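Data file: input11.pdb. Format and content: PDB, C-alpha atoms, pLDDT in the B column.
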```pdb
ATOM      1  CA  MET A 285       0.271  19.784  -7.748  1.00 84.00           C
ATOM      2  CA  PRO A 286       3.644  21.265  -8.673  1.00 86.00           C
ATOM      3  CA  THR A 287       5.060  23.913  -6.351  1.00 88.00           C
ATOM      4  CA  THR A 288       8.218  25.992  -6.064  1.00 90.00           C
ATOM      5  CA  LEU A 289       8.695  25.002  -2.413  1.00 89.00           C
ATOM      6  CA  THR A 290      11.912  23.092  -1.768  1.00 86.00           C
ATOM      7  CA  ARG A 291      11.732  22.210   1.936  1.00 88.00           C
ATOM      8  CA  LEU A 292       9.630  19.313   3.226  1.00 85.00           C
ATOM      9  CA  ILE A 293       8.262  21.338   6.154  1.00 88.00           C
ATOM     10  CA  GLU A 294       7.058  24.097   3.801  1.00 91.00           C
ATOM     11  CA  ALA A 295       5.452  21.644   1.372  1.00 89.00           C
ATOM     12  CA  THR A 296       3.784  19.881   4.301  1.00 87.00           C
ATOM     13  CA  ALA A 297       2.462  23.223   5.588  1.00 90.00           C
ATOM     14  CA  LEU A 298       0.995  23.909   2.143  1.00 92.00           C
ATOM     15  CA  ALA A 299      -0.683  20.486   2.119  1.00 89.00           C
ATOM     16  CA  VAL A 300      -2.130  21.175   5.590  1.00 86.00           C
ATOM     17  CA  ALA A 301      -3.433  24.597   4.491  1.00 91.00           C
ATOM     18  CA  LEU A 302      -5.066  23.067   1.423  1.00 91.00           C
ATOM     19  CA  ARG A 303      -6.652  20.298   3.507  1.00 87.00           C
ATOM     20  CA  ASP A 304      -7.923  22.857   6.023  1.00 87.00           C
ATOM     21  CA  SER A 305      -9.430  25.119   3.383  1.00 93.00           C
ATOM     22  CA  LEU A 306     -10.720  22.491   0.935  1.00 92.00           C
ATOM     23  CA  GLY A 307     -11.470  19.604   3.291  1.00 84.00           C
ATOM     24  CA  HIS A 308     -15.194  20.032   2.719  1.00 89.00           C
ATOM     25  CA  VAL A 309     -14.797  19.082  -0.971  1.00 90.00           C
ATOM     26  CA  THR A 310     -15.551  15.364  -0.936  1.00 83.00           C
ATOM     27  CA  ALA A 311     -14.047  14.831  -4.393  1.00 88.00           C
ATOM     28  CA  ILE A 312     -10.548  15.476  -2.987  1.00 85.00           C
ATOM     29  CA  ASP A 313      -8.916  12.636  -1.039  1.00 82.00           C
ATOM     30  CA  PHE A 314      -6.344  14.419   1.108  1.00 82.00           C
ATOM     31  CA  GLY A 315      -5.446  11.141   2.828  1.00 79.00           C
ATOM     32  CA  GLU A 316      -3.581  10.146  -0.299  1.00 81.00           C
ATOM     33  CA  THR A 317      -1.398  13.271  -0.267  1.00 86.00           C
ATOM     34  CA  THR A 318       2.247  12.544  -1.000  1.00 87.00           C
ATOM     35  CA  LEU A 319       5.266  14.735  -1.701  1.00 87.00           C
ATOM     36  CA  SER A 320       8.100  14.094  -4.132  1.00 87.00           C
ATOM     37  CA  GLU A 321      11.077  15.936  -5.548  1.00 81.00           C
ATOM     38  CA  GLU A 322      10.809  17.186  -9.117  1.00 80.00           C
ATOM     39  CA  ASP A 323      13.603  14.942 -10.379  1.00 79.00           C
ATOM     40  CA  ARG A 324      12.571  11.937  -8.254  1.00 81.00           C
ATOM     41  CA  GLN A 325       8.802  11.812  -8.643  1.00 80.00           C
ATOM     42  CA  PHE A 326       8.786   8.039  -8.229  1.00 83.00           C
ATOM     43  CA  VAL A 327       9.980   8.485  -4.609  1.00 84.00           C
ATOM     44  CA  ARG A 328       6.973   9.678  -2.631  1.00 85.00           C
ATOM     45  CA  THR A 329       6.650  10.799   0.990  1.00 86.00           C
ATOM     46  CA  ARG A 330       3.208  10.188   2.514  1.00 86.00           C
ATOM     47  CA  ILE A 331       1.967  13.059   4.703  1.00 86.00           C
ATOM     48  CA  TRP A 332      -0.875  11.548   6.755  1.00 85.00           C
ATOM     49  CA  CYS A 333      -1.551   8.089   8.174  1.00 86.00           C
ATOM     50  CA  ASP A 334      -5.125   8.054   6.792  1.00 81.00           C
ATOM     51  CA  ALA A 335      -6.077   4.758   8.489  1.00 87.00           C
ATOM     52  CA  ARG A 336      -9.826   4.183   8.757  1.00 85.00           C
ATOM     53  CA  LEU A 337     -11.370   5.027  12.126  1.00 85.00           C
ATOM     54  CA  PRO A 338     -14.835   4.196  13.493  1.00 84.00           C
ATOM     55  CA  GLY A 339     -17.624   6.269  11.980  1.00 80.00           C
ATOM     56  CA  ASP A 340     -16.023   6.472   8.526  1.00 75.00           C
ATOM     57  CA  ALA A 341     -13.391   8.944   9.768  1.00 78.00           C
ATOM     58  CA  ARG A 342      -9.685   8.855   8.882  1.00 80.00           C
ATOM     59  CA  CYS A 343      -6.594   9.225  11.059  1.00 84.00           C
ATOM     60  CA  LEU A 344      -5.247  12.768  10.798  1.00 79.00           C
ATOM     61  CA  ARG A 345      -1.908  12.035  12.457  1.00 85.00           C
ATOM     62  CA  PRO A 346       1.369  12.042  10.507  1.00 85.00           C
ATOM     63  CA  ALA A 347       2.328   8.958   8.510  1.00 87.00           C
ATOM     64  CA  ASP A 348       4.362   6.450  10.559  1.00 85.00           C
ATOM     65  CA  HIS A 349       3.193   8.053  13.830  1.00 87.00           C
ATOM     66  CA  ASP A 350       3.722   6.451  17.230  1.00 88.00           C
ATOM     67  CA  GLY A 351       0.748   5.367  19.281  1.00 87.00           C
ATOM     68  CA  ALA A 352      -2.855   4.862  18.336  1.00 88.00           C
ATOM     69  CA  CYS A 353      -4.541   6.492  15.370  1.00 89.00           C
ATOM     70  CA  GLY A 354      -6.796   9.456  16.073  1.00 77.00           C
ATOM     71  CA  GLY A 355      -9.087  11.994  14.502  1.00 65.00           C
ATOM     72  CA  GLU A 356      -7.485  15.021  16.148  1.00 65.00           C
ATOM     73  CA  ILE A 357      -4.961  17.009  14.164  1.00 61.00           C
ATOM     74  CA  PRO A 358      -1.634  17.115  16.031  1.00 55.00           C
ATOM     75  CA  ARG A 359      -0.477  20.606  16.919  1.00 54.00           C
ATOM     76  CA  ILE A 360       2.582  20.411  14.654  1.00 50.00           C
ATOM     77  CA  LEU A 361       0.364  19.780  11.617  1.00 49.00           C
ATOM     78  CA  ALA A 362      -2.421  22.159  12.618  1.00 47.00           C
ATOM     79  CA  MET A 363      -0.227  25.211  11.811  1.00 45.00           C
TER      80      MET A 363
END
```

Written as structure tokens, that's how I'd like the structure from this file.
Amino acid sequence: MPTTLTRLIEATALAVALRDSLGHVTAIDFGETTLSEEDRQFVRTRIWCDARLPGDARCLRPADHDGACGGEIPRILAM
């Protein structure tokens, strides 16, 4: 989805808000959310880890996080 946001933190906050408000729509796979610059769309930044967890859940922690995967949203991404 194109946006006018230019800072990674702002684009990430938008992705979090969309996941929070539309997470109930099973046709949207928010785990595959990536960000890229307009002129460098082939370079993508993954937002969430999205590893599979027991019970068909997905890890909600940031991509490349330290420690074990988990289903709780970290405070920095809960916004």

Take the point (4.5, 19.9, 6.7) as written in the file and pick out every residue within 12 Å of it, counting only C-alpha atoms; give the list as a PDB file with C-alpha atoms, in the coordinates of the input.
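Everything below was put into selection28.pdb:
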```pdb
ATOM      1  CA  LEU A 289       8.695  25.002  -2.413  1.00 89.00           C
ATOM      2  CA  THR A 290      11.912  23.092  -1.768  1.00 86.00           C
ATOM      3  CA  ARG A 291      11.732  22.210   1.936  1.00 88.00           C
ATOM      4  CA  LEU A 292       9.630  19.313   3.226  1.00 85.00           C
ATOM      5  CA  ILE A 293       8.262  21.338   6.154  1.00 88.00           C
ATOM      6  CA  GLU A 294       7.058  24.097   3.801  1.00 91.00           C
ATOM      7  CA  ALA A 295       5.452  21.644   1.372  1.00 89.00           C
ATOM      8  CA  THR A 296       3.784  19.881   4.301  1.00 87.00           C
ATOM      9  CA  ALA A 297       2.462  23.223   5.588  1.00 90.00           C
ATOM     10  CA  LEU A 298       0.995  23.909   2.143  1.00 92.00           C
ATOM     11  CA  ALA A 299      -0.683  20.486   2.119  1.00 89.00           C
ATOM     12  CA  VAL A 300      -2.130  21.175   5.590  1.00 86.00           C
ATOM     13  CA  ALA A 301      -3.433  24.597   4.491  1.00 91.00           C
ATOM     14  CA  LEU A 302      -5.066  23.067   1.423  1.00 91.00           C
ATOM     15  CA  ARG A 303      -6.652  20.298   3.507  1.00 87.00           C
ATOM     16  CA  THR A 317      -1.398  13.271  -0.267  1.00 86.00           C
ATOM     17  CA  THR A 318       2.247  12.544  -1.000  1.00 87.00           C
ATOM     18  CA  LEU A 319       5.266  14.735  -1.701  1.00 87.00           C
ATOM     19  CA  THR A 329       6.650  10.799   0.990  1.00 86.00           C
ATOM     20  CA  ARG A 330       3.208  10.188   2.514  1.00 86.00           C
ATOM     21  CA  ILE A 331       1.967  13.059   4.703  1.00 86.00           C
ATOM     22  CA  TRP A 332      -0.875  11.548   6.755  1.00 85.00           C
ATOM     23  CA  ARG A 345      -1.908  12.035  12.457  1.00 85.00           C
ATOM     24  CA  PRO A 346       1.369  12.042  10.507  1.00 85.00           C
ATOM     25  CA  ALA A 347       2.328   8.958   8.510  1.00 87.00           C
ATOM     26  CA  PRO A 358      -1.634  17.115  16.031  1.00 55.00           C
ATOM     27  CA  ARG A 359      -0.477  20.606  16.919  1.00 54.00           C
ATOM     28  CA  ILE A 360       2.582  20.411  14.654  1.00 50.00           C
ATOM     29  CA  LEU A 361       0.364  19.780  11.617  1.00 49.00           C
ATOM     30  CA  ALA A 362      -2.421  22.159  12.618  1.00 47.00           C
ATOM     31  CA  MET A 363      -0.227  25.211  11.811  1.00 45.00           C
TER      32      MET A 363
END
```

I'd like to see the residues matched by the PyMOL selection byres ((chain A and resi 343) around 8) on this file, and ideally I'd get them as a list in words.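 Answer for the PyMOL selection byres ((chain A and resi 343) around 8): Trp332, Cys333, Asp334, Ala335, Arg336, Leu337, Ala341, Arg342, Leu344, Arg345, Cys353, Gly354, Gly355 and Glu356 of chain A.
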
Segment 337-341 of chain A: axis-aligned bounding box, 5 Å on each side, centre and edge lengths in Å, one decimal, as JSON:
```
{"center_x": -14.5, "center_y": 6.6, "center_z": 11.0, "size_x": 16.3, "size_y": 14.7, "size_z": 15.0}
```

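Relative to atom CA of His349 of chain A, atom CA of Phe326 of chain A is found at 22.8 Å.
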
Please measure the separation of atom CA of Gly307 of chain A and atom CA of Gly339 of chain A, giving the value in Å to one decimal.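 Computing the Euclidean distance for atom CA of Gly307 of chain A and atom CA of Gly339 of chain A yields 17.1 Å.
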
Would you mind reading off the distance between atom CA of Asp323 of chain A and atom CA of Pro286 of chain A, one decimal, in Å? 11.9 Å
